[in-house]
file upload30.cif (mmCIF, C-alpha atoms)
data_final
#
loop_
_atom_site.group_PDB
_atom_site.id
_atom_site.type_symbol
_atom_site.label_atom_id
_atom_site.label_comp_id
_atom_site.auth_asym_id
_atom_site.auth_seq_id
_atom_site.Cartn_x
_atom_site.Cartn_y
_atom_site.Cartn_z
ATOM 1 C CA MET K 1422 98.296 109.459 80.583
ATOM 2 C CA THR K 1423 94.638 110.392 80.501
ATOM 3 C CA THR K 1424 92.792 113.411 81.896
ATOM 4 C CA LYS K 1425 89.059 113.610 82.568
ATOM 5 C CA LEU K 1426 87.451 116.880 83.661
ATOM 6 C CA TYR K 1427 83.929 117.274 85.027
ATOM 7 C CA HIS K 1428 82.051 120.533 85.525
ATOM 8 C CA GLY K 1429 79.508 120.023 88.288
ATOM 9 C CA ASP K 1430 78.818 119.017 91.884
ATOM 10 C CA CYS K 1431 81.525 116.742 93.271
ATOM 11 C CA MET K 1432 79.144 114.469 95.188
ATOM 12 C CA GLU K 1433 77.002 113.833 92.114
ATOM 13 C CA ILE K 1434 80.008 113.086 89.935
ATOM 14 C CA VAL K 1435 81.981 110.963 92.407
ATOM 15 C CA SER K 1436 78.866 108.840 93.002
ATOM 16 C CA THR K 1437 79.104 107.695 89.361
ATOM 17 C CA LEU K 1438 82.679 106.394 89.711
ATOM 18 C CA GLU K 1439 83.432 102.723 90.208
ATOM 19 C CA ASP K 1440 84.421 101.285 93.569
ATOM 20 C CA GLY K 1441 88.178 101.019 94.031
ATOM 21 C CA SER K 1442 89.072 102.995 90.913
ATOM 22 C CA ILE K 1443 91.203 105.823 92.364
ATOM 23 C CA ASP K 1444 94.734 105.653 93.800
ATOM 24 C CA ILE K 1445 95.099 109.128 95.338
ATOM 25 C CA ILE K 1446 92.597 111.852 96.222
ATOM 26 C CA LEU K 1447 94.265 115.222 96.793
ATOM 27 C CA VAL K 1448 91.933 118.123 97.580
ATOM 28 C CA ASP K 1449 91.777 121.642 98.971
ATOM 29 C CA PRO K 1450 88.057 121.982 99.750
ATOM 30 C CA SER K 1451 86.344 125.294 100.296
ATOM 31 C CA TYR K 1452 84.572 125.771 103.616
ATOM 32 C CA SER K 1453 83.007 128.436 105.770
ATOM 33 C CA TYR K 1454 82.659 129.012 109.494
ATOM 34 C CA PRO K 1455 79.491 129.307 111.589
ATOM 35 C CA THR K 1456 78.196 132.859 111.937
ATOM 36 C CA ASN K 1457 79.062 132.870 115.640
ATOM 37 C CA GLN K 1458 82.725 132.462 114.723
ATOM 38 C CA PHE K 1459 82.745 136.103 113.655
ATOM 39 C CA ARG K 1460 80.406 137.638 116.254
ATOM 40 C CA PRO K 1461 82.327 138.929 119.285
ATOM 41 C CA GLU K 1462 79.168 139.048 121.391
ATOM 42 C CA ALA K 1463 78.555 135.350 120.720
ATOM 43 C CA ARG K 1464 81.958 134.420 122.066
ATOM 44 C CA VAL K 1465 80.971 135.348 125.592
ATOM 45 C CA ALA K 1466 77.691 133.439 125.301
ATOM 46 C CA GLN K 1467 77.171 129.704 125.114
ATOM 47 C CA ARG K 1468 78.596 128.202 121.933
ATOM 48 C CA THR K 1469 78.563 124.555 120.910
ATOM 49 C CA PHE K 1470 80.470 122.526 118.374
ATOM 50 C CA GLY K 1471 77.084 121.560 116.990
ATOM 51 C CA GLU K 1472 77.258 124.774 114.974
ATOM 52 C CA PHE K 1473 79.524 122.813 112.630
ATOM 53 C CA SER K 1474 76.846 120.154 112.076
ATOM 54 C CA THR K 1475 76.143 121.130 108.455
ATOM 55 C CA HIS K 1476 79.857 120.928 107.634
ATOM 56 C CA ARG K 1477 80.145 117.588 109.392
ATOM 57 C CA TYR K 1478 77.082 116.304 107.504
ATOM 58 C CA PHE K 1479 78.652 117.111 104.128
ATOM 59 C CA PHE K 1480 82.118 115.797 104.924
ATOM 60 C CA LYS K 1481 80.734 112.600 106.463
ATOM 61 C CA GLN K 1482 79.131 111.783 103.111
ATOM 62 C CA TYR K 1483 82.130 113.034 101.155
ATOM 63 C CA ILE K 1484 84.699 111.007 103.086
ATOM 64 C CA ALA K 1485 82.553 107.875 102.820
ATOM 65 C CA GLU K 1486 82.470 108.325 99.027
ATOM 66 C CA CYS K 1487 86.226 108.895 98.977
ATOM 67 C CA ARG K 1488 86.801 105.631 100.778
ATOM 68 C CA ARG K 1489 84.448 103.820 98.405
ATOM 69 C CA VAL K 1490 86.225 104.941 95.223
ATOM 70 C CA LEU K 1491 89.750 104.565 96.609
ATOM 71 C CA LYS K 1492 91.683 101.378 95.932
ATOM 72 C CA SER K 1493 92.443 99.137 98.910
ATOM 73 C CA ASP K 1494 95.822 100.854 99.348
ATOM 74 C CA GLY K 1495 94.512 104.338 98.518
ATOM 75 C CA ASP K 1496 95.508 107.694 99.997
ATOM 76 C CA LEU K 1497 93.449 110.782 100.814
ATOM 77 C CA LEU K 1498 95.160 114.156 101.322
ATOM 78 C CA ILE K 1499 93.145 117.190 102.430
ATOM 79 C CA PHE K 1500 94.288 120.770 102.990
ATOM 80 C CA CYS K 1501 92.593 122.415 105.966
ATOM 81 C CA ASP K 1502 93.164 124.733 108.932
ATOM 82 C CA GLU K 1503 93.230 124.128 112.692
ATOM 83 C CA THR K 1504 89.463 124.599 113.033
ATOM 84 C CA PHE K 1505 88.435 122.201 110.285
ATOM 85 C CA TYR K 1506 90.954 119.617 111.402
ATOM 86 C CA ALA K 1507 88.671 119.121 114.405
ATOM 87 C CA VAL K 1508 85.703 118.573 112.074
ATOM 88 C CA LEU K 1509 87.495 116.160 109.756
ATOM 89 C CA TYR K 1510 89.620 114.020 112.072
ATOM 90 C CA PRO K 1511 86.812 112.020 113.766
ATOM 91 C CA LEU K 1512 85.344 111.158 110.350
ATOM 92 C CA LEU K 1513 88.715 110.074 108.988
ATOM 93 C CA TYR K 1514 89.438 108.091 112.160
ATOM 94 C CA GLU K 1515 86.325 106.026 111.489
ATOM 95 C CA ASN K 1516 87.179 105.290 107.852
ATOM 96 C CA PHE K 1517 90.946 104.965 107.474
ATOM 97 C CA TYR K 1518 93.753 102.817 108.842
ATOM 98 C CA GLN K 1519 95.813 105.864 109.823
ATOM 99 C CA THR K 1520 95.503 109.642 109.715
ATOM 100 C CA LYS K 1521 98.498 111.937 110.071
ATOM 101 C CA MET K 1522 98.667 115.710 110.293
ATOM 102 C CA VAL K 1523 101.333 117.525 108.269
ATOM 103 C CA VAL K 1524 102.195 121.209 108.677
ATOM 104 C CA TRP K 1525 103.103 123.283 105.645
ATOM 105 C CA ASN K 1526 105.238 126.179 106.850
ATOM 106 C CA LYS K 1527 104.670 128.885 104.259
ATOM 107 C CA LYS K 1528 107.491 131.053 105.636
ATOM 108 C CA ARG K 1529 105.182 134.005 105.150
ATOM 109 C CA ILE K 1530 102.918 135.612 107.720
ATOM 110 C CA GLY K 1531 99.296 135.869 106.629
ATOM 111 C CA MET K 1532 96.079 137.157 108.129
ATOM 112 C CA GLY K 1533 95.184 136.881 111.780
ATOM 113 C CA GLY K 1534 94.874 138.661 115.097
ATOM 114 C CA ILE K 1535 97.142 138.205 118.113
ATOM 115 C CA TRP K 1536 98.618 135.191 116.276
ATOM 116 C CA ARG K 1537 98.999 135.610 112.521
ATOM 117 C CA ARG K 1538 98.945 132.394 110.556
ATOM 118 C CA GLN K 1539 102.073 131.160 108.802
ATOM 119 C CA PHE K 1540 100.989 127.607 108.081
ATOM 120 C CA GLU K 1541 98.406 125.323 106.556
ATOM 121 C CA LEU K 1542 97.574 121.818 107.646
ATOM 122 C CA ILE K 1543 97.473 118.785 105.382
ATOM 123 C CA ILE K 1544 95.705 115.649 106.539
ATOM 124 C CA HIS K 1545 97.085 112.420 105.096
ATOM 125 C CA SER K 1546 94.838 109.376 105.578
ATOM 126 C CA TYR K 1547 95.580 105.951 104.138
ATOM 127 C CA LEU K 1548 93.870 102.576 104.053
ATOM 128 C CA GLN K 1549 96.881 100.296 104.559
ATOM 129 C CA PRO K 1550 100.072 100.512 106.632
ATOM 130 C CA LYS K 1551 102.988 102.342 105.035
ATOM 131 C CA LYS K 1552 105.971 99.998 105.086
ATOM 132 C CA GLU K 1553 108.502 102.545 103.937
ATOM 133 C CA ARG K 1554 110.317 104.685 106.490
ATOM 134 C CA SER K 1555 112.011 107.997 105.804
ATOM 135 C CA GLY K 1556 113.797 110.847 107.487
ATOM 136 C CA ASP K 1557 111.064 113.295 106.477
ATOM 137 C CA SER K 1558 109.575 115.512 109.156
ATOM 138 C CA ASP K 1559 105.836 116.125 109.459
ATOM 139 C CA ILE K 1560 106.626 119.800 108.891
ATOM 140 C CA ILE K 1561 107.186 120.741 105.258
ATOM 141 C CA ASP K 1562 109.690 123.505 105.744
ATOM 142 C CA ASP K 1563 111.714 123.427 102.548
ATOM 143 C CA ASP K 1564 113.906 126.147 101.190
ATOM 144 C CA ILE K 1565 112.700 125.096 97.751
ATOM 145 C CA VAL K 1566 111.318 128.249 96.168
ATOM 146 C CA GLU K 1567 108.617 126.330 94.301
ATOM 147 C CA CYS K 1568 107.126 125.022 97.572
ATOM 148 C CA LYS K 1569 106.470 128.520 98.830
ATOM 149 C CA PRO K 1570 103.022 130.089 98.260
ATOM 150 C CA VAL K 1571 102.201 131.225 94.748
ATOM 151 C CA PRO K 1572 102.594 135.051 94.620
ATOM 152 C CA SER K 1573 99.231 136.842 94.671
ATOM 153 C CA LYS K 1574 99.745 138.454 91.255
ATOM 154 C CA GLU K 1575 100.434 135.063 89.653
ATOM 155 C CA ARG K 1576 97.529 133.099 91.138
ATOM 156 C CA LEU K 1577 94.776 131.690 88.960
ATOM 157 C CA HIS K 1578 92.777 130.876 92.121
ATOM 158 C CA PHE K 1579 92.737 132.717 95.454
ATOM 159 C CA SER K 1580 93.943 129.631 97.369
ATOM 160 C CA GLU K 1581 96.128 128.133 94.624
ATOM 161 C CA LYS K 1582 98.772 125.711 95.863
ATOM 162 C CA PRO K 1583 102.286 125.470 94.370
ATOM 163 C CA VAL K 1584 102.708 122.584 91.957
ATOM 164 C CA GLU K 1585 105.964 121.428 93.578
ATOM 165 C CA LEU K 1586 104.225 121.072 96.938
ATOM 166 C CA LEU K 1587 101.474 118.976 95.356
ATOM 167 C CA LYS K 1588 104.076 116.813 93.624
ATOM 168 C CA LYS K 1589 105.790 116.276 96.961
ATOM 169 C CA LEU K 1590 102.518 115.093 98.517
ATOM 170 C CA ILE K 1591 101.714 112.736 95.637
ATOM 171 C CA THR K 1592 105.209 111.254 95.748
ATOM 172 C CA LYS K 1593 104.986 110.790 99.515
ATOM 173 C CA THR K 1594 102.175 108.251 99.088
ATOM 174 C CA GLY K 1595 104.770 105.860 97.682
ATOM 175 C CA LYS K 1596 102.888 105.399 94.430
ATOM 176 C CA ARG K 1597 104.610 105.930 91.094
ATOM 177 C CA SER K 1598 101.601 105.577 88.798
ATOM 178 C CA GLY K 1599 97.826 105.377 88.870
ATOM 179 C CA VAL K 1600 94.906 107.817 89.051
ATOM 180 C CA VAL K 1601 94.941 111.074 91.018
ATOM 181 C CA MET K 1602 91.611 112.797 91.641
ATOM 182 C CA ASP K 1603 90.890 116.365 92.769
ATOM 183 C CA THR K 1604 87.195 117.039 93.378
ATOM 184 C CA PHE K 1605 87.766 120.731 94.159
ATOM 185 C CA MET K 1606 89.979 121.341 91.147
ATOM 186 C CA GLY K 1607 90.146 125.147 91.167
ATOM 187 C CA SER K 1608 92.697 126.304 88.625
ATOM 188 C CA GLY K 1609 94.074 122.820 87.889
ATOM 189 C CA SER K 1610 97.299 122.820 89.922
ATOM 190 C CA THR K 1611 96.825 119.210 91.057
ATOM 191 C CA GLN K 1612 96.319 118.119 87.459
ATOM 192 C CA GLN K 1613 99.594 119.723 86.448
ATOM 193 C CA ALA K 1614 101.403 118.038 89.336
ATOM 194 C CA ALA K 1615 99.889 114.646 88.489
ATOM 195 C CA LYS K 1616 100.733 114.988 84.803
ATOM 196 C CA GLU K 1617 104.348 115.944 85.493
ATOM 197 C CA LEU K 1618 104.679 112.807 87.623
ATOM 198 C CA GLY K 1619 103.086 110.553 85.009
ATOM 199 C CA PHE K 1620 99.706 109.933 86.693
ATOM 200 C CA ASP K 1621 96.263 109.854 85.123
ATOM 201 C CA PHE K 1622 93.925 112.540 86.462
ATOM 202 C CA ILE K 1623 90.251 113.124 87.232
ATOM 203 C CA GLY K 1624 89.214 116.673 88.072
ATOM 204 C CA VAL K 1625 85.887 118.091 89.266
ATOM 205 C CA GLU K 1626 85.021 121.776 89.611
ATOM 206 C CA LEU K 1627 81.675 123.448 90.362
ATOM 207 C CA SER K 1628 82.589 127.023 89.408
ATOM 208 C CA GLU K 1629 82.130 127.653 85.702
ATOM 209 C CA GLN K 1630 84.805 130.354 85.734
ATOM 210 C CA GLN K 1631 87.381 128.194 87.517
ATOM 211 C CA PHE K 1632 86.568 125.198 85.323
ATOM 212 C CA ALA K 1633 87.314 127.288 82.230
ATOM 213 C CA ILE K 1634 90.624 128.420 83.749
ATOM 214 C CA ALA K 1635 91.600 124.855 84.636
ATOM 215 C CA GLU K 1636 90.615 123.564 81.207
ATOM 216 C CA LYS K 1637 92.720 126.249 79.517
ATOM 217 C CA ARG K 1638 95.668 125.551 81.802
ATOM 218 C CA ILE K 1639 95.447 121.821 81.169
ATOM 219 C CA ASN K 1640 95.365 122.328 77.415
ATOM 220 C CA GLU K 1641 98.424 124.570 77.630
ATOM 221 C CA THR K 1642 100.409 122.111 79.745
#

call {"tool": "encode", "arguments": {"input": "upload30.cif", "output": "structure tokens"}}
result
Amino acid sequence: MTTKLYHGDCMEIVSTLEDGSIDIILVDPSYSYPTNQFRPEARVAQRTFGEFSTHRYFFKQYIAECRRVLKSDGDLLIFCDETFYAVLYPLLYENFYQTKMVVWNKKRIGMGGIWRRQFELIIHSYLQPKKERSGDSDIIDDDIVECKPVPSKERLHFSEKPVELLKKLITKTGKRSGVVMDTFMGSGSTQQAAKELGFDFIGVELSEQQFAIAEKRINET
């Protein structure tokens, strides 16, 4: 098993990778909302989805690069919320054979207003039909302790995902070996999941602080 870590901008680094060299891309990208999303006075005025144009511009380029570096039977898995699903789905529809939405039920109520969020969405896009069938639901609602959110006091990153959940997603692609890439590496959780399953790993992280944390974690594991 090999591990390659890159400190820098994901678009610059991914552009240097060979076509068809990655089996699985598993990411939890950071994103922000338009200013009007948080201005009550703007919500009674005219708003347009065009306010997400800068986000769409980035992800259009990013998803095209993902497709380029993925193997012909590659998989792309992206964590997102209900707002960014609307941004991402049309782009994935244009580039992948199939795109499915999976709900991760955290079994813990988080932030929110009249409806407080208890879930995260995971988009699973793939380039070829999946021949295998299973009894798995599109809601990940396990009683497995390790699939529940990482406790706040134990997190190495504010949106850190549990390793067992990431392993479940990697396994669900049907692949048993190959290269997993995370271009928003954070604290290195995806690397740990990939390593425990016997996959090679490529990780990219822009934050110097988070890169140092991931590098330390990888060395320790």

call {"tool": "closest_residue", "arguments": {"input": "upload30.cif", "among": "K:Glu1629, K:Asp1559, K:Glu1515, K:Glu1541", "to": "K:Ala1485", "atoms": "only C-alpha atoms"}}
result
K:Glu1515

call {"tool": "resolve_selection", "arguments": {"input": "upload30.cif", "expression": "the PyMOL selection byres ((chain K and resi 1548) around 12)", "output": "PyMOL selection string"}}
result
chain K and resi 1441+1444-1445+1487-1498+1513-1520+1545-1547+1549-1551+1594

call {"tool": "resolve_selection", "arguments": {"input": "upload30.cif", "expression": "the PyMOL selection byres ((chain K and resi 1476) around 12)", "output": "list in words"}}
result
Pro1450, Ser1451, Tyr1452, Ser1453, Tyr1454, Pro1455, Phe1470, Gly1471, Glu1472, Phe1473, Ser1474, Thr1475, Arg1477, Tyr1478, Phe1479, Phe1480, Lys1481, Gln1482, Tyr1483, Ile1484, Thr1504, Phe1505, Tyr1506, Ala1507, Val1508, Leu1509 and Leu1512 of chain K

call {"tool": "atom_distance", "arguments": {"input": "upload30.cif", "atom1": "atom CA of K:Ile1446", "atom2": "atom CA of K:Ile1434"}}
result
14.1 Å

call {"tool": "resolve_selection", "arguments": {"input": "upload30.cif", "expression": "the PyMOL selection byres ((chain K and resi 1579-1588) around 6)", "output": "list in words"}}
result
Glu1567, Cys1568, Val1571, His1578, Lys1589, Leu1590, Ile1591, Ser1610 and Ala1614 of chain K

call {"tool": "atom_distance", "arguments": {"input": "upload30.cif", "atom1": "atom CA of K:Gly1624", "atom2": "atom CA of K:Ile1560"}}
result
27.3 Å

call {"tool": "atom_distance", "arguments": {"input": "upload30.cif", "atom1": "atom CA of K:Phe1620", "atom2": "atom CA of K:Thr1423"}}
result
8.0 Å

call {"tool": "closest_residue", "arguments": {"input": "upload30.cif", "among": "K:Asn1640, K:Asn1526, K:Thr1604, K:Thr1469", "to": "K:Gln1539", "atoms": "all atoms listed in the file"}}
result
K:Asn1526

call {"tool": "residues_around", "arguments": {"input": "upload30.cif", "residues": "K:Phe1632", "least_positions_apart": "6", "cutoff": "8 Å", "atoms": "all atoms listed in the file", "output": "list of chain:residue names"}}
result
K:His1428, K:Met1606, K:Gly1607, K:Ser1608, K:Glu1626

call {"tool": "write_last_selection", "arguments": {"input": "upload30.cif", "atoms": "C-alpha atoms", "output": "PDB file, in the coordinates of the input"}}
result
ATOM      1  CA  HIS K1428      82.051 120.533  85.525  1.00  0.00           C
ATOM      2  CA  MET K1606      89.979 121.341  91.147  1.00  0.00           C
ATOM      3  CA  GLY K1607      90.146 125.147  91.167  1.00  0.00           C
ATOM      4  CA  SER K1608      92.697 126.304  88.625  1.00  0.00           C
ATOM      5  CA  GLU K1626      85.021 121.776  89.611  1.00  0.00           C
TER       6      GLU K1626
END

call {"tool": "closest_residue", "arguments": {"input": "upload30.cif", "among": "K:Ser1558, K:Thr1437, K:Ser1598, K:Gln1467", "to": "K:Phe1622", "atoms": "all atoms listed in the file"}}
result
K:Ser1598

call {"tool": "closest_residue", "arguments": {"input": "upload30.cif", "among": "K:Lys1527, K:Phe1540, K:Arg1597, K:Met1432", "to": "K:Ile1565", "atoms": "only C-alpha atoms"}}
result
K:Lys1527

call {"tool": "decode", "arguments": {"input": "upload30.cif", "residues": "stretch 1553-1572 of chain K", "atoms": "N, CA, C and O atoms", "output": "PDB file, in the first residue's frame"}}
result
ATOM      1  N   GLU K1553     -24.042  -5.703  -9.074  1.00  0.00           N
ATOM      2  CA  GLU K1553     -24.419  -6.329  -7.810  1.00  0.00           C
ATOM      3  C   GLU K1553     -25.707  -5.716  -7.252  1.00  0.00           C
ATOM      4  O   GLU K1553     -25.983  -4.539  -7.421  1.00  0.00           O
ATOM      5  N   ARG K1554     -26.493  -6.536  -6.599  1.00  0.00           N
ATOM      6  CA  ARG K1554     -27.692  -6.060  -5.909  1.00  0.00           C
ATOM      7  C   ARG K1554     -27.537  -6.379  -4.432  1.00  0.00           C
ATOM      8  O   ARG K1554     -26.850  -7.311  -4.048  1.00  0.00           O
ATOM      9  N   SER K1555     -28.177  -5.606  -3.592  1.00  0.00           N
ATOM     10  CA  SER K1555     -28.062  -5.855  -2.150  1.00  0.00           C
ATOM     11  C   SER K1555     -29.367  -5.471  -1.474  1.00  0.00           C
ATOM     12  O   SER K1555     -30.266  -4.906  -2.089  1.00  0.00           O
ATOM     13  N   GLY K1556     -29.438  -5.774  -0.191  1.00  0.00           N
ATOM     14  CA  GLY K1556     -30.603  -5.395   0.584  1.00  0.00           C
ATOM     15  C   GLY K1556     -30.400  -4.082   1.324  1.00  0.00           C
ATOM     16  O   GLY K1556     -31.194  -3.721   2.202  1.00  0.00           O
ATOM     17  N   ASP K1557     -29.319  -3.360   0.962  1.00  0.00           N
ATOM     18  CA  ASP K1557     -28.999  -2.121   1.672  1.00  0.00           C
ATOM     19  C   ASP K1557     -29.954  -0.997   1.299  1.00  0.00           C
ATOM     20  O   ASP K1557     -30.249  -0.758   0.127  1.00  0.00           O
ATOM     21  N   SER K1558     -30.387  -0.267   2.295  1.00  0.00           N
ATOM     22  CA  SER K1558     -31.227   0.908   2.081  1.00  0.00           C
ATOM     23  C   SER K1558     -30.354   2.086   1.675  1.00  0.00           C
ATOM     24  O   SER K1558     -29.136   2.085   1.872  1.00  0.00           O
ATOM     25  N   ASP K1559     -30.984   3.124   1.100  1.00  0.00           N
ATOM     26  CA  ASP K1559     -30.258   4.349   0.787  1.00  0.00           C
ATOM     27  C   ASP K1559     -30.232   5.303   1.985  1.00  0.00           C
ATOM     28  O   ASP K1559     -29.859   6.467   1.859  1.00  0.00           O
ATOM     29  N   ILE K1560     -30.624   4.789   3.136  1.00  0.00           N
ATOM     30  CA  ILE K1560     -30.463   5.511   4.400  1.00  0.00           C
ATOM     31  C   ILE K1560     -29.493   4.722   5.269  1.00  0.00           C
ATOM     32  O   ILE K1560     -29.759   3.572   5.613  1.00  0.00           O
ATOM     33  N   ILE K1561     -28.370   5.322   5.596  1.00  0.00           N
ATOM     34  CA  ILE K1561     -27.407   4.676   6.491  1.00  0.00           C
ATOM     35  C   ILE K1561     -27.840   4.994   7.908  1.00  0.00           C
ATOM     36  O   ILE K1561     -27.686   6.111   8.396  1.00  0.00           O
ATOM     37  N   ASP K1562     -28.429   4.007   8.533  1.00  0.00           N
ATOM     38  CA  ASP K1562     -29.084   4.217   9.826  1.00  0.00           C
ATOM     39  C   ASP K1562     -28.658   3.111  10.786  1.00  0.00           C
ATOM     40  O   ASP K1562     -29.470   2.487  11.439  1.00  0.00           O
ATOM     41  N   ASP K1563     -27.348   2.870  10.822  1.00  0.00           N
ATOM     42  CA  ASP K1563     -26.828   1.757  11.610  1.00  0.00           C
ATOM     43  C   ASP K1563     -26.898   2.034  13.107  1.00  0.00           C
ATOM     44  O   ASP K1563     -26.949   3.168  13.561  1.00  0.00           O
ATOM     45  N   ASP K1564     -26.863   0.978  13.847  1.00  0.00           N
ATOM     46  CA  ASP K1564     -26.678   1.083  15.294  1.00  0.00           C
ATOM     47  C   ASP K1564     -25.210   0.895  15.652  1.00  0.00           C
ATOM     48  O   ASP K1564     -24.862   0.788  16.821  1.00  0.00           O
ATOM     49  N   ILE K1565     -24.363   0.831  14.602  1.00  0.00           N
ATOM     50  CA  ILE K1565     -22.934   0.680  14.843  1.00  0.00           C
ATOM     51  C   ILE K1565     -22.405   1.975  15.436  1.00  0.00           C
ATOM     52  O   ILE K1565     -22.520   3.038  14.840  1.00  0.00           O
ATOM     53  N   VAL K1566     -21.827   1.893  16.612  1.00  0.00           N
ATOM     54  CA  VAL K1566     -21.363   3.090  17.309  1.00  0.00           C
ATOM     55  C   VAL K1566     -20.377   3.875  16.452  1.00  0.00           C
ATOM     56  O   VAL K1566     -20.417   5.101  16.382  1.00  0.00           O
ATOM     57  N   GLU K1567     -19.494   3.162  15.745  1.00  0.00           N
ATOM     58  CA  GLU K1567     -18.441   3.823  14.989  1.00  0.00           C
ATOM     59  C   GLU K1567     -18.973   4.635  13.813  1.00  0.00           C
ATOM     60  O   GLU K1567     -18.269   5.462  13.253  1.00  0.00           O
ATOM     61  N   CYS K1568     -20.209   4.384  13.381  1.00  0.00           N
ATOM     62  CA  CYS K1568     -20.785   5.135  12.265  1.00  0.00           C
ATOM     63  C   CYS K1568     -21.501   6.401  12.730  1.00  0.00           C
ATOM     64  O   CYS K1568     -22.001   7.164  11.916  1.00  0.00           O
ATOM     65  N   LYS K1569     -21.551   6.601  14.022  1.00  0.00           N
ATOM     66  CA  LYS K1569     -22.148   7.821  14.541  1.00  0.00           C
ATOM     67  C   LYS K1569     -21.113   8.937  14.510  1.00  0.00           C
ATOM     68  O   LYS K1569     -19.901   8.676  14.442  1.00  0.00           O
ATOM     69  N   PRO K1570     -21.542  10.205  14.522  1.00  0.00           N
ATOM     70  CA  PRO K1570     -20.590  11.319  14.435  1.00  0.00           C
ATOM     71  C   PRO K1570     -19.488  11.242  15.478  1.00  0.00           C
ATOM     72  O   PRO K1570     -19.700  10.771  16.599  1.00  0.00           O
ATOM     73  N   VAL K1571     -18.308  11.693  15.086  1.00  0.00           N
ATOM     74  CA  VAL K1571     -17.182  11.741  16.018  1.00  0.00           C
ATOM     75  C   VAL K1571     -17.501  12.784  17.094  1.00  0.00           C
ATOM     76  O   VAL K1571     -17.870  13.910  16.770  1.00  0.00           O
ATOM     77  N   PRO K1572     -17.395  12.431  18.384  1.00  0.00           N
ATOM     78  CA  PRO K1572     -17.672  13.412  19.450  1.00  0.00           C
ATOM     79  C   PRO K1572     -16.821  14.667  19.288  1.00  0.00           C
ATOM     80  O   PRO K1572     -15.662  14.592  18.877  1.00  0.00           O
TER      81      PRO K1572
END
